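For reference, the structure is listed below as structure tokens.
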Amino acid sequence: MSKPLLQANELNKTFGSRGLFRKTSFQAVRDVSFTLEQGEVLAIVGESGSGKSTIARMLTHLLPPTAGNVSYNGESLRDNKALRRSLPTFVQMIFQDPFAALNPHHTIGYIVGRPLQVQKRRKGDPRPRVLELLTKVGLTPAEDFIDKYPYQLSGGQKQRVVIAKVLGLSPSVIVADEPTSMLDVSIGVDIMNLLLDLRERERLSLILITHNLGSARYMADRILVMYAGQIVESGPSEELIREPRHPYTRLLLQSSPDPWREEADAMEAIEPTGPPPQTGCSFRLRCPFASDRCAAESPALKEPETGRFVRCHLFE
Amino acid sequence: MSALLEVRELSVEYPSARGVVKAVDRISFTIGRGEIFGLAGESGCGKSTTAFGICRLLRPPARLAGGSVRLDGVELTALPEDEFDKLRWAKLSIVLQSAMNNLNPVMTIRKQLTDAILAHEPDAASAADARAAELMKLVDLPADRLNSYPHELSGGMRQRVVIAMAMALKPSLVIMDEPTTALDVVVQHGIIRKMMELQRRFGFSILFITHDLPLMLQMCDRIGIMYAGKLVETAPASRILKEPKHPYTQGLLDSFPALSGEKRRLTGIPGHPPDLIRPPAGCRFQPRCRRAMPPCLSVEPALLPDRDGLGKVACHLYGEEEGAREQASAASE
């Protein structure tokens, strides 16, 4: 088997701040490893503060990892300066807020065309390529959109412009950080469908960062569940949703509104009272199954079944 | 079930540079005693504006342009300001989305809870402290948190404090405008469960507003769907889930990826909501509707009771059905 398209290896990120009297630090991501294959859609799911957006930023080298490494096609991002420079042609990012992602002073044509000029240093008029890109994301007729300014577009149209811009450099991977959470649901579905269609047509791989398990199931082949900076469970989406293993995944699933679901027996969860503990299992204070062992020993990410990874002493 | 809240032909509008925006256009609904009624719809459909219109929190230049709101038989729109102030918290209270903005950052939780009580019962000074502690217990917060400032609490805890405050004077109607939207699902789940428990215990009515239709379908008795300032369908939650009638309701339901059942492609709703200054003629949903017919372009459908009287829908697809039924019953007579 060839090298995976993208590999995250033991990624760690610690944010530190030097106060007046003391230094404080916060470990946002701990030992996160995963791979992404060609054409795959991987969803990273977790609540706010779980470290999912920090991972997205490390993958796109917007944040350097404190420890660990990201590699593309086997080439390490840390050691390869040329790769870092050409990274935008490999991986592109879509941010949550399309309203903030577009410069209000520029036309759509300029916004979508600019990366082409910067990265490919393409001489001549990018306009034909911009028209082609706008058509690809369903902004048709493209001639009507190319000279508009962002304020003239709706939220969904803006997110389409962002996607067109991102496609311009023909990346292999798109990292989408909550691409639909600022949009109305009916518009969000359109954007999710567009990304799924583009994956087919452009042979893209996708990393979707989301807090919504429903969107993760809808979009992804594989789901990775984060809690307190760690991966607590990962596996093929359908299996993971049907049979969640880790108590946190079960809690998350059961808390997600789904009127179509037949009532399952409820797990008595404990409300978060403070920051997750630094020793032992980070979920143990909220876990109804926690035992002494969970306090003494941090569980490792094990693979009880092929393709299913769980970080819990219950599954060993 | 006698109605606690009766909203009739309520309209809210505000002037803008391009003309008058009809944010809410002649909507009518009722909420029974002890009923949980949900208003759902996408941003800009007027659901929050409706809530603000009911509890007179509209910010100028938005204004009530007509209609009536009766709470327990009292007409709220005609009430003088000082009379209305007596009803706030005591008869109706409101829980808003962002708890950080609803709590005063420089006052302790204790001060804020007792403030609400004392404003209405100035003689209760000695008992107010004990009642504040009781309220904290009601929402599962430790009483020592009474001495905390809002920034010392998590988002979920702050929202619990706001709910405790809304319960303080045992109102008969609690309006909740996206009370859990900014929170993580696990925290949301805990708060919704708590709210439902309190509702069962005290029997107040809830007007629940959210864009999260799946959540609403799980917790509400009856649901109203709004689109572009209009109420397009009302029905019991179970009916909306199993048999949505209005094409907009159908599209909205088909925009939420489910966690159970067969995985299938969602269609969503193409296009985007209309400009409320110059809404399309006829049905406002018609430009996005897959089933639009010639009358939809010119005649605005009225919200009419459907066949079994359980719900109401504003759509010409069913108007004809109704008409045919009337003809049939006329013929049989």
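Residue names in the structure tokens use chain letters A, B, ... in the order shown, residue numbers from 1 in each chain, and ligand numbers from 1 in the order shown.
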
I need the chain B residues near chain A as a PyMOL selection string; criterion: at most 9 Å, counting only C-alpha atoms.
chain B and resi 42-43+154+183-190+211-218+241+251-261+263-272

Please produce a file of those selected residues containing N, CA and C atoms, as a compact mmCIF listing (two decimals), in the first residue's frame.
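Ended up saving to selection-v2.txt:
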```txt
# COMPACT_ATOMS: atom_id res chain seq x y z
N GLU B 42 -36.20 29.57 9.72
CA GLU B 42 -34.81 29.95 9.52
C GLU B 42 -34.59 31.40 9.92
N SER B 43 -33.34 31.83 9.92
CA SER B 43 -33.06 33.18 10.39
C SER B 43 -33.81 34.19 9.52
N SER B 154 -19.79 28.60 33.96
CA SER B 154 -19.72 28.16 32.57
C SER B 154 -20.99 28.60 31.84
N LEU B 183 -24.82 26.49 23.21
CA LEU B 183 -24.21 25.51 24.11
C LEU B 183 -23.90 24.20 23.39
N ASP B 184 -22.97 23.45 23.97
CA ASP B 184 -22.67 22.12 23.44
C ASP B 184 -23.86 21.19 23.64
N VAL B 185 -23.98 20.19 22.76
CA VAL B 185 -25.19 19.35 22.80
C VAL B 185 -25.41 18.65 24.13
N VAL B 186 -24.32 18.23 24.77
CA VAL B 186 -24.49 17.50 26.03
C VAL B 186 -25.06 18.44 27.09
N VAL B 187 -24.56 19.67 27.12
CA VAL B 187 -25.05 20.67 28.07
C VAL B 187 -26.49 21.04 27.71
N GLN B 188 -26.75 21.20 26.43
CA GLN B 188 -28.10 21.50 25.95
C GLN B 188 -29.09 20.45 26.42
N HIS B 189 -28.69 19.20 26.27
CA HIS B 189 -29.54 18.08 26.64
C HIS B 189 -29.92 18.16 28.12
N GLY B 190 -28.93 18.45 28.96
CA GLY B 190 -29.16 18.55 30.40
C GLY B 190 -30.13 19.68 30.72
N HIS B 211 -34.21 27.31 15.72
CA HIS B 211 -34.13 26.86 14.33
C HIS B 211 -33.89 25.36 14.30
N ASP B 212 -33.66 24.78 15.50
CA ASP B 212 -33.31 23.37 15.59
C ASP B 212 -34.59 22.53 15.63
N LEU B 213 -35.12 22.25 14.45
CA LEU B 213 -36.39 21.53 14.36
C LEU B 213 -36.36 20.15 15.03
N PRO B 214 -35.28 19.36 14.86
CA PRO B 214 -35.26 18.06 15.54
C PRO B 214 -35.43 18.18 17.06
N LEU B 215 -34.77 19.16 17.66
CA LEU B 215 -34.89 19.36 19.10
C LEU B 215 -36.33 19.69 19.45
N MET B 216 -36.92 20.58 18.66
CA MET B 216 -38.28 21.01 18.90
C MET B 216 -39.27 19.85 18.77
N LEU B 217 -39.04 19.01 17.79
CA LEU B 217 -39.93 17.86 17.58
C LEU B 217 -39.89 16.91 18.77
N GLN B 218 -38.75 16.90 19.45
CA GLN B 218 -38.64 16.01 20.60
C GLN B 218 -39.33 16.56 21.83
N LEU B 241 -43.79 15.71 12.32
CA LEU B 241 -42.72 14.74 12.09
C LEU B 241 -43.13 13.70 11.04
N GLY B 251 -39.42 20.60 3.26
CA GLY B 251 -38.04 20.92 2.89
C GLY B 251 -37.16 21.11 4.12
N LEU B 252 -37.73 21.78 5.13
CA LEU B 252 -36.97 22.04 6.35
C LEU B 252 -36.62 20.73 7.04
N LEU B 253 -37.60 19.83 7.12
CA LEU B 253 -37.35 18.54 7.74
C LEU B 253 -36.29 17.76 6.97
N ASP B 254 -36.26 17.99 5.68
CA ASP B 254 -35.32 17.27 4.83
C ASP B 254 -33.96 17.97 4.79
N SER B 255 -33.73 18.89 5.71
CA SER B 255 -32.44 19.57 5.75
C SER B 255 -31.61 19.12 6.94
N PHE B 256 -32.19 18.30 7.81
CA PHE B 256 -31.46 17.86 8.99
C PHE B 256 -31.00 16.43 8.82
N PRO B 257 -29.68 16.21 8.80
CA PRO B 257 -29.21 14.83 8.69
C PRO B 257 -29.56 14.04 9.96
N ALA B 258 -30.18 12.89 9.78
CA ALA B 258 -30.61 12.09 10.92
C ALA B 258 -29.47 11.23 11.43
N LEU B 259 -29.61 10.76 12.65
CA LEU B 259 -28.61 9.89 13.24
C LEU B 259 -29.07 8.44 13.24
N SER B 260 -30.30 8.24 12.81
CA SER B 260 -30.80 6.88 12.79
C SER B 260 -31.46 6.62 11.43
N GLY B 261 -31.78 5.38 11.18
CA GLY B 261 -32.43 5.06 9.92
C GLY B 261 -31.46 5.03 8.76
N LYS B 263 -29.34 5.99 5.64
CA LYS B 263 -28.67 7.23 5.24
C LYS B 263 -29.07 7.53 3.80
N ARG B 264 -29.56 8.74 3.58
CA ARG B 264 -29.98 9.08 2.22
C ARG B 264 -29.59 10.51 1.93
N ARG B 265 -29.61 10.85 0.65
CA ARG B 265 -29.22 12.20 0.28
C ARG B 265 -30.34 13.17 0.64
N LEU B 266 -29.96 14.25 1.30
CA LEU B 266 -30.93 15.28 1.66
C LEU B 266 -31.05 16.27 0.52
N THR B 267 -32.25 16.82 0.36
CA THR B 267 -32.40 17.76 -0.75
C THR B 267 -32.37 19.21 -0.29
N GLY B 268 -32.70 19.46 0.98
CA GLY B 268 -32.72 20.85 1.43
C GLY B 268 -33.76 21.64 0.66
N ILE B 269 -33.56 22.95 0.58
CA ILE B 269 -34.48 23.80 -0.16
C ILE B 269 -33.63 24.71 -1.04
N PRO B 270 -33.79 24.63 -2.35
CA PRO B 270 -32.99 25.50 -3.21
C PRO B 270 -33.41 26.96 -3.04
N GLY B 271 -32.53 27.85 -3.44
CA GLY B 271 -32.84 29.28 -3.38
C GLY B 271 -32.65 29.85 -1.99
N HIS B 272 -33.10 31.09 -1.81
CA HIS B 272 -32.97 31.71 -0.50
C HIS B 272 -34.22 32.52 -0.18
```

Nearby residues (only C-alpha atoms) at most 9 Å from Lys230 in chain B, same-chain spacing under 6 positions excluded, as a list of chain:residue names
B:Ala23, B:Val24, B:Asp25, B:Arg26, B:Ile27, B:Cys45, B:Gly46, B:Arg284

Any idea what's packed within 10 Å of Ala314 in chain B, counting only C-alpha atoms, ignoring anything in its chain fewer than 6 positions away? Could you give it as a PyMOL selection string?
chain B and resi 230-234+245-246+283+300-306

As a PyMOL selection string, please: all residues of range 134-312 of chain B that backbone DSSP puts in strand (DSSP E or B).
chain B and resi 173-177+205-210+222-227+230-236+304-305+312

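The residue set within 9 Å of Leu42 in chain A, counting only C-alpha atoms and dropping same-chain residues fewer than 5 places from it, reads Leu36, Ser205, Leu206, Ile207, Leu208, Ile209, Ala216, Met219, Ala220, Asp221, Arg222, Ile223, Leu224 and Ser237 of chain A.
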
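CA of Gly235 in chain A to CA of Thr249 in chain A spans 11.5 Å [interatomic distance, one decimal].
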
Fewer than 4 positions away in the same chain doesn't count, so skip those; otherwise give me all residues within 7 Å of Lys148 in chain A, counting only C-alpha atoms, as a ChimeraX atom specification.
/A:107-108,152

Can you pull out every residue within 9 Å of Phe283 in chain A, counting only C-alpha atoms, but drop anything in the same chain fewer than 6 positions away, and send it as an mmCIF file with N, CA and C atoms, in the first residue's frame?
```
data_model
loop_
_atom_site.group_PDB
_atom_site.id
_atom_site.type_symbol
_atom_site.label_atom_id
_atom_site.label_comp_id
_atom_site.auth_asym_id
_atom_site.auth_seq_id
_atom_site.Cartn_x
_atom_site.Cartn_y
_atom_site.Cartn_z
ATOM 1 N N TYR A 227 -12.179 14.349 22.746
ATOM 2 C CA TYR A 227 -12.589 14.874 24.044
ATOM 3 C C TYR A 227 -11.344 15.387 24.764
ATOM 4 N N ALA A 228 -11.384 16.622 25.201
ATOM 5 C CA ALA A 228 -10.282 17.229 25.951
ATOM 6 C C ALA A 228 -8.933 17.033 25.255
ATOM 7 N N PRO A 247 -17.887 5.836 26.396
ATOM 8 C CA PRO A 247 -19.001 6.485 27.104
ATOM 9 C C PRO A 247 -19.243 7.920 26.622
ATOM 10 N N TYR A 248 -18.186 8.633 26.246
ATOM 11 C CA TYR A 248 -18.410 10.006 25.770
ATOM 12 C C TYR A 248 -19.156 10.018 24.441
ATOM 13 N N PRO A 276 -11.240 19.228 32.595
ATOM 14 C CA PRO A 276 -10.983 17.790 32.680
ATOM 15 C C PRO A 276 -9.711 17.513 33.483
ATOM 16 N N PRO A 277 -9.682 16.403 34.224
ATOM 17 C CA PRO A 277 -8.511 16.107 35.050
ATOM 18 C C PRO A 277 -7.264 15.852 34.210
ATOM 19 N N ALA A 290 -16.960 5.100 35.606
ATOM 20 C CA ALA A 290 -15.588 5.312 36.066
ATOM 21 C C ALA A 290 -15.268 4.453 37.291
ATOM 22 N N CYS A 294 -9.546 4.137 36.368
ATOM 23 C CA CYS A 294 -9.630 5.283 35.454
ATOM 24 C C CYS A 294 -8.917 6.496 36.032
#
```

Skipping near chain neighbours, those fewer than 3 positions away, what residues fall within 10 Å of Phe285 in chain B using only C-alpha atoms, listed as a PDB file with N, CA and C atoms, in the first residue's frame?
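Printed below is out-v9.pdb as written:
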```
ATOM      1  N   TYR B 227     -42.288  31.208   7.859  1.00  0.00           N
ATOM      2  CA  TYR B 227     -41.451  31.477   6.692  1.00  0.00           C
ATOM      3  C   TYR B 227     -41.699  32.908   6.244  1.00  0.00           C
ATOM      4  N   ALA B 228     -40.657  33.685   6.148  1.00  0.00           N
ATOM      5  CA  ALA B 228     -40.724  35.059   5.648  1.00  0.00           C
ATOM      6  C   ALA B 228     -41.837  35.874   6.325  1.00  0.00           C
ATOM      7  N   LYS B 230     -44.469  34.908   7.892  1.00  0.00           N
ATOM      8  CA  LYS B 230     -45.806  34.297   7.890  1.00  0.00           C
ATOM      9  C   LYS B 230     -45.768  32.972   8.622  1.00  0.00           C
ATOM     10  N   VAL B 232     -46.820  29.399   8.305  1.00  0.00           N
ATOM     11  CA  VAL B 232     -47.261  28.598   7.164  1.00  0.00           C
ATOM     12  C   VAL B 232     -47.914  27.280   7.565  1.00  0.00           C
ATOM     13  N   HIS B 246     -46.986  21.459   4.579  1.00  0.00           N
ATOM     14  CA  HIS B 246     -46.499  22.556   3.750  1.00  0.00           C
ATOM     15  C   HIS B 246     -45.171  22.165   3.098  1.00  0.00           C
ATOM     16  N   PRO B 247     -45.000  22.471   1.804  1.00  0.00           N
ATOM     17  CA  PRO B 247     -43.737  22.109   1.155  1.00  0.00           C
ATOM     18  C   PRO B 247     -42.508  22.700   1.860  1.00  0.00           C
ATOM     19  N   TYR B 248     -42.683  23.853   2.519  1.00  0.00           N
ATOM     20  CA  TYR B 248     -41.546  24.419   3.253  1.00  0.00           C
ATOM     21  C   TYR B 248     -41.205  23.558   4.473  1.00  0.00           C
ATOM     22  N   HIS B 272     -33.096  31.088  -1.810  1.00  0.00           N
ATOM     23  CA  HIS B 272     -32.969  31.714  -0.502  1.00  0.00           C
ATOM     24  C   HIS B 272     -34.221  32.523  -0.177  1.00  0.00           C
ATOM     25  N   PRO B 273     -34.414  32.851   1.121  1.00  0.00           N
ATOM     26  CA  PRO B 273     -35.646  33.523   1.533  1.00  0.00           C
ATOM     27  C   PRO B 273     -35.822  34.872   0.832  1.00  0.00           C
ATOM     28  N   PRO B 274     -37.075  35.312   0.674  1.00  0.00           N
ATOM     29  CA  PRO B 274     -37.330  36.534  -0.097  1.00  0.00           C
ATOM     30  C   PRO B 274     -37.000  37.805   0.683  1.00  0.00           C
ATOM     31  N   PRO B 279     -41.925  41.406  -0.818  1.00  0.00           N
ATOM     32  CA  PRO B 279     -42.104  39.957  -0.897  1.00  0.00           C
ATOM     33  C   PRO B 279     -42.779  39.567  -2.206  1.00  0.00           C
ATOM     34  N   PRO B 280     -42.523  38.342  -2.689  1.00  0.00           N
ATOM     35  CA  PRO B 280     -43.148  37.920  -3.942  1.00  0.00           C
ATOM     36  C   PRO B 280     -44.677  37.911  -3.825  1.00  0.00           C
ATOM     37  N   ALA B 281     -45.344  38.144  -4.929  1.00  0.00           N
ATOM     38  CA  ALA B 281     -46.813  38.107  -4.923  1.00  0.00           C
ATOM     39  C   ALA B 281     -47.266  36.678  -4.667  1.00  0.00           C
ATOM     40  N   GLY B 282     -48.490  36.550  -4.201  1.00  0.00           N
ATOM     41  CA  GLY B 282     -49.018  35.214  -3.923  1.00  0.00           C
ATOM     42  C   GLY B 282     -48.348  34.617  -2.715  1.00  0.00           C
ATOM     43  N   ARG B 288     -39.345  29.179  -4.316  1.00  0.00           N
ATOM     44  CA  ARG B 288     -38.483  28.062  -3.947  1.00  0.00           C
ATOM     45  C   ARG B 288     -39.244  26.743  -3.936  1.00  0.00           C
ATOM     46  N   CYS B 289     -40.510  26.780  -4.280  1.00  0.00           N
ATOM     47  CA  CYS B 289     -41.360  25.609  -4.086  1.00  0.00           C
ATOM     48  C   CYS B 289     -41.359  24.715  -5.317  1.00  0.00           C
ATOM     49  N   ARG B 290     -41.158  23.424  -5.087  1.00  0.00           N
ATOM     50  CA  ARG B 290     -41.158  22.464  -6.193  1.00  0.00           C
ATOM     51  C   ARG B 290     -42.564  22.215  -6.723  1.00  0.00           C
ATOM     52  N   ALA B 292     -45.078  24.470  -6.903  1.00  0.00           N
ATOM     53  CA  ALA B 292     -45.832  25.700  -7.169  1.00  0.00           C
ATOM     54  C   ALA B 292     -46.753  25.528  -8.376  1.00  0.00           C
ATOM     55  N   CYS B 296     -50.497  29.942  -7.051  1.00  0.00           N
ATOM     56  CA  CYS B 296     -49.509  30.324  -6.039  1.00  0.00           C
ATOM     57  C   CYS B 296     -48.835  31.643  -6.389  1.00  0.00           C
ATOM     58  N   LEU B 297     -48.806  31.964  -7.684  1.00  0.00           N
ATOM     59  CA  LEU B 297     -48.113  33.170  -8.131  1.00  0.00           C
ATOM     60  C   LEU B 297     -48.906  34.435  -7.839  1.00  0.00           C
ATOM     61  N   CYS B 315     -51.429  26.687   2.275  1.00  0.00           N
ATOM     62  CA  CYS B 315     -50.876  26.223   1.013  1.00  0.00           C
ATOM     63  C   CYS B 315     -52.015  25.870   0.071  1.00  0.00           C
TER      64      CYS B 315
END
```

Quote the spacing between CA of Phe202 in chain B and CA of Gly156 in chain B in Å to one decimal place.
22.1 Å
